[in-house]
$ cat model_27.pdb   # PDB, C-alpha atoms
ATOM      1  CA  MET M  34      39.980  49.079-182.198  1.00  0.00           C
ATOM      2  CA  GLU M  35      37.239  47.326-180.283  1.00  0.00           C
ATOM      3  CA  THR M  36      36.272  43.805-181.200  1.00  0.00           C
ATOM      4  CA  ARG M  37      32.722  42.779-181.925  1.00  0.00           C
ATOM      5  CA  GLN M  38      32.659  40.821-178.650  1.00  0.00           C
ATOM      6  CA  SER M  39      33.758  43.809-176.562  1.00  0.00           C
ATOM      7  CA  ILE M  40      31.107  46.016-178.211  1.00  0.00           C
ATOM      8  CA  THR M  41      28.492  43.344-177.487  1.00  0.00           C
ATOM      9  CA  ASN M  42      29.672  43.185-173.864  1.00  0.00           C
ATOM     10  CA  VAL M  43      29.397  46.981-173.461  1.00  0.00           C
ATOM     11  CA  LEU M  44      25.899  46.926-174.941  1.00  0.00           C
ATOM     12  CA  ALA M  45      24.825  43.997-172.757  1.00  0.00           C
ATOM     13  CA  SER M  46      26.266  45.601-169.629  1.00  0.00           C
ATOM     14  CA  ASN M  47      24.540  48.915-170.342  1.00  0.00           C
ATOM     15  CA  ILE M  48      21.132  47.363-170.962  1.00  0.00           C
ATOM     16  CA  LYS M  49      21.412  45.337-167.760  1.00  0.00           C
ATOM     17  CA  PHE M  50      22.483  48.508-165.898  1.00  0.00           C
ATOM     18  CA  LEU M  51      19.452  50.407-167.218  1.00  0.00           C
ATOM     19  CA  ARG M  52      17.096  47.502-166.467  1.00  0.00           C
ATOM     20  CA  ILE M  53      18.191  46.996-162.869  1.00  0.00           C
ATOM     21  CA  ASN M  54      18.019  50.741-162.194  1.00  0.00           C
ATOM     22  CA  THR M  55      14.475  51.063-163.511  1.00  0.00           C
ATOM     23  CA  LYS M  56      11.607  50.685-161.079  1.00  0.00           C
ATOM     24  CA  VAL M  57       8.241  49.354-162.207  1.00  0.00           C
ATOM     25  CA  GLU M  58       5.226  50.649-160.334  1.00  0.00           C
ATOM     26  CA  GLU M  59       2.644  47.917-159.983  1.00  0.00           C
ATOM     27  CA  PRO M  60      -1.064  48.411-159.282  1.00  0.00           C
ATOM     28  CA  PHE M  61      -1.787  49.527-155.720  1.00  0.00           C
ATOM     29  CA  GLY M  62       1.561  51.301-155.449  1.00  0.00           C
ATOM     30  CA  LYS M  63       3.904  48.310-155.152  1.00  0.00           C
ATOM     31  CA  VAL M  64       7.280  49.156-156.732  1.00  0.00           C
ATOM     32  CA  LYS M  65       9.939  46.678-157.827  1.00  0.00           C
ATOM     33  CA  TYR M  66      12.921  46.698-160.148  1.00  0.00           C
ATOM     34  CA  MET M  67      12.459  45.683-163.775  1.00  0.00           C
ATOM     35  CA  SER M  68      12.940  41.981-164.384  1.00  0.00           C
ATOM     36  CA  GLN M  69      14.268  40.309-167.514  1.00  0.00           C
ATOM     37  CA  ARG M  70      10.753  38.980-168.042  1.00  0.00           C
ATOM     38  CA  HIS M  71       9.224  42.449-167.947  1.00  0.00           C
ATOM     39  CA  LEU M  72      11.780  43.832-170.414  1.00  0.00           C
ATOM     40  CA  ALA M  73      11.190  40.846-172.706  1.00  0.00           C
ATOM     41  CA  GLU M  74       7.437  41.476-172.631  1.00  0.00           C
ATOM     42  CA  LEU M  75       7.923  45.158-173.434  1.00  0.00           C
ATOM     43  CA  ILE M  76      10.052  44.459-176.525  1.00  0.00           C
ATOM     44  CA  GLY M  77       8.088  41.425-177.718  1.00  0.00           C
ATOM     45  CA  SER M  78      10.719  38.851-176.849  1.00  0.00           C
ATOM     46  CA  ILE M  79      11.255  36.041-174.360  1.00  0.00           C
ATOM     47  CA  THR M  80      13.078  36.026-171.035  1.00  0.00           C
ATOM     48  CA  GLN M  81      15.703  33.546-172.242  1.00  0.00           C
ATOM     49  CA  GLN M  82      16.758  35.897-175.047  1.00  0.00           C
ATOM     50  CA  ILE M  83      17.266  38.761-172.577  1.00  0.00           C
ATOM     51  CA  SER M  84      19.208  36.476-170.237  1.00  0.00           C
ATOM     52  CA  LYS M  85      21.478  35.207-173.021  1.00  0.00           C
ATOM     53  CA  PHE M  86      21.978  38.738-174.280  1.00  0.00           C
ATOM     54  CA  GLU M  87      22.975  40.046-170.843  1.00  0.00           C
ATOM     55  CA  LEU M  88      25.524  37.216-170.662  1.00  0.00           C
ATOM     56  CA  GLY M  89      26.945  38.146-174.070  1.00  0.00           C
ATOM     57  CA  LYS M  90      25.754  34.896-175.677  1.00  0.00           C
ATOM     58  CA  ASN M  91      23.163  36.417-177.996  1.00  0.00           C
ATOM     59  CA  GLU M  92      22.629  39.603-180.005  1.00  0.00           C
ATOM     60  CA  LEU M  93      19.551  41.782-180.310  1.00  0.00           C
ATOM     61  CA  GLY M  94      18.217  43.147-183.574  1.00  0.00           C
ATOM     62  CA  ALA M  95      18.057  46.823-184.483  1.00  0.00           C
ATOM     63  CA  SER M  96      14.311  47.062-183.839  1.00  0.00           C
ATOM     64  CA  GLN M  97      14.744  45.560-180.372  1.00  0.00           C
ATOM     65  CA  LEU M  98      17.559  47.994-179.572  1.00  0.00           C
ATOM     66  CA  TYR M  99      15.332  50.879-180.676  1.00  0.00           C
ATOM     67  CA  LYS M 100      12.517  49.647-178.402  1.00  0.00           C
ATOM     68  CA  ILE M 101      14.900  49.281-175.464  1.00  0.00           C
ATOM     69  CA  ALA M 102      16.269  52.785-175.946  1.00  0.00           C
ATOM     70  CA  LYS M 103      12.724  54.160-176.088  1.00  0.00           C
ATOM     71  CA  ILE M 104      11.686  52.302-172.910  1.00  0.00           C
ATOM     72  CA  PHE M 105      14.612  53.735-170.955  1.00  0.00           C
ATOM     73  CA  GLY M 106      14.430  57.188-172.542  1.00  0.00           C
ATOM     74  CA  VAL M 107      17.947  57.101-173.981  1.00  0.00           C
ATOM     75  CA  SER M 108      19.348  57.153-177.512  1.00  0.00           C
ATOM     76  CA  VAL M 109      20.487  53.973-179.257  1.00  0.00           C
ATOM     77  CA  ASP M 110      23.967  55.526-179.410  1.00  0.00           C
ATOM     78  CA  SER M 111      24.068  55.853-175.639  1.00  0.00           C
ATOM     79  CA  LEU M 112      23.499  52.100-175.325  1.00  0.00           C
ATOM     80  CA  TYR M 113      27.017  51.713-176.754  1.00  0.00           C
ATOM     81  CA  ASP M 114      28.569  54.334-174.415  1.00  0.00           C
ATOM     82  CA  THR M 115      31.376  52.736-172.380  1.00  0.00           C
ATOM     83  CA  GLU M 116      30.786  55.326-169.632  1.00  0.00           C
ATOM     84  CA  LEU M 117      27.002  54.870-169.339  1.00  0.00           C
ATOM     85  CA  ASN M 118      27.150  52.563-166.316  1.00  0.00           C
ATOM     86  CA  LYS M 119      29.193  55.170-164.434  1.00  0.00           C
ATOM     87  CA  LYS M 120      26.448  57.776-164.774  1.00  0.00           C
ATOM     88  CA  GLU M 121      23.540  58.204-162.429  1.00  0.00           C
ATOM     89  CA  PHE M 122      20.355  56.667-163.790  1.00  0.00           C
ATOM     90  CA  SER M 123      17.021  56.082-162.140  1.00  0.00           C
ATOM     91  CA  LYS M 124      13.647  55.741-163.762  1.00  0.00           C
ATOM     92  CA  THR M 125      10.200  54.607-162.703  1.00  0.00           C
ATOM     93  CA  ILE M 126       7.646  53.339-165.193  1.00  0.00           C
ATOM     94  CA  MET M 127       4.070  52.195-164.818  1.00  0.00           C
ATOM     95  CA  ASN M 128       3.394  48.522-165.359  1.00  0.00           C
ATOM     96  CA  ASP M 129       0.895  48.720-168.187  1.00  0.00           C
ATOM     97  CA  ILE M 130       1.262  45.114-169.318  1.00  0.00           C
ATOM     98  CA  CYS M 131      -0.260  42.067-167.742  1.00  0.00           C
ATOM     99  CA  LEU M 132       2.337  39.701-166.291  1.00  0.00           C
ATOM    100  CA  MET M 133       0.962  36.368-165.121  1.00  0.00           C
TER     101      MET M 133
END

$ encode --input "model_27.pdb" --output "structure tokens"
Amino acid sequence: METRQSITNVLASNIKFLRINTKVEEPFGKVKYMSQRHLAELIGSITQQISKFELGKNELGASQLYKIAKIFGVSVDSLYDTELNKKEFSKTIMNDICLM
């Protein structure tokens, strides 16, 4: 039986894996990998919450998990898949939010 902490670690690891394997196309064709700040903006959160979550020090709510799954085009269930980070994943999204 998995502990709550190990489930949180799997979830955190998978979201970080998806984030760092997602490219964001900026205006004028510049492409970079998704930052914690960009993900936070997309789900209506702050960078510090994403950072703490990826370190296993914080938990995300159900609505935030749903938004994250939608952004990456995966199911919420797959966010808990212990094999997700071993699969091939690559995605490019358009930067449709204003980051200062």

$ closest_residue --input "model_27.pdb" --among "M:Gln69, M:Thr36, M:Gly89, M:Leu98" --to "M:Leu112" --atoms "all atoms listed in the file"
M:Leu98

$ closest_residue --input "model_27.pdb" --among "M:Asn42, M:Phe50, M:Ser78, M:Ser84" --to "M:Gln97" --atoms "all atoms listed in the file"
M:Ser78

$ residues_around --input "model_27.pdb" --residues "M:Ile101" --least-positions-apart "3" --cutoff "10 Å" --atoms "only C-alpha atoms" --output "tab-separated table (two decimals) with C-alpha atoms, in the frame of the given file"
chain	number	residue	atom	x	y	z
M	48	ILE	CA	21.13	47.36	-170.96
M	51	LEU	CA	19.45	50.41	-167.22
M	52	ARG	CA	17.10	47.50	-166.47
M	72	LEU	CA	11.78	43.83	-170.41
M	73	ALA	CA	11.19	40.85	-172.71
M	75	LEU	CA	7.92	45.16	-173.43
M	76	ILE	CA	10.05	44.46	-176.52
M	95	ALA	CA	18.06	46.82	-184.48
M	96	SER	CA	14.31	47.06	-183.84
M	97	GLN	CA	14.74	45.56	-180.37
M	98	LEU	CA	17.56	47.99	-179.57
M	104	ILE	CA	11.69	52.30	-172.91
M	105	PHE	CA	14.61	53.74	-170.96
M	106	GLY	CA	14.43	57.19	-172.54
M	107	VAL	CA	17.95	57.10	-173.98
M	108	SER	CA	19.35	57.15	-177.51
M	109	VAL	CA	20.49	53.97	-179.26
M	112	LEU	CA	23.50	52.10	-175.32

$ residues_around --input "model_27.pdb" --residues "M:Ala45" --least-positions-apart "2" --cutoff "10 Å" --atoms "only C-alpha atoms" --output "short mmCIF file (atom, residue, chain, number, x, y, z; two decimals) with C-alpha atoms, in the frame of the given file"
data_model
loop_
_atom_site.label_atom_id
_atom_site.label_comp_id
_atom_site.auth_asym_id
_atom_site.auth_seq_id
_atom_site.Cartn_x
_atom_site.Cartn_y
_atom_site.Cartn_z
CA SER M 39 33.76 43.81 -176.56
CA ILE M 40 31.11 46.02 -178.21
CA THR M 41 28.49 43.34 -177.49
CA ASN M 42 29.67 43.18 -173.86
CA VAL M 43 29.40 46.98 -173.46
CA ASN M 47 24.54 48.92 -170.34
CA ILE M 48 21.13 47.36 -170.96
CA LYS M 49 21.41 45.34 -167.76
CA PHE M 50 22.48 48.51 -165.90
CA ILE M 83 17.27 38.76 -172.58
CA SER M 84 19.21 36.48 -170.24
CA LYS M 85 21.48 35.21 -173.02
CA PHE M 86 21.98 38.74 -174.28
CA GLU M 87 22.98 40.05 -170.84
CA LEU M 88 25.52 37.22 -170.66
CA GLY M 89 26.94 38.15 -174.07
CA LYS M 90 25.75 34.90 -175.68
CA ASN M 91 23.16 36.42 -178.00
CA GLU M 92 22.63 39.60 -180.00
CA LEU M 93 19.55 41.78 -180.31
CA LEU M 112 23.50 52.10 -175.32
CA TYR M 113 27.02 51.71 -176.75
#

$ closest_residue --input "model_27.pdb" --among "M:Asp114, M:Lys103, M:Lys56, M:Leu44" --to "M:Ser68" --atoms "all atoms listed in the file"
M:Lys56

$ atom_distance --input "model_27.pdb" --atom1 "atom CA of M:Lys63" --atom2 "atom CA of M:Thr80"
22.1 Å

$ atom_distance --input "model_27.pdb" --atom1 "atom CA of M:Gly77" --atom2 "atom CA of M:Ile53"
18.8 Å

$ atom_distance --input "model_27.pdb" --atom1 "atom CA of M:Asn54" --atom2 "atom CA of M:Thr115"
16.9 Å

$ closest_residue --input "model_27.pdb" --among "M:Met67, M:Lys119, M:Lys100, M:Asp110" --to "M:Thr55" --atoms "only C-alpha atoms"
M:Met67
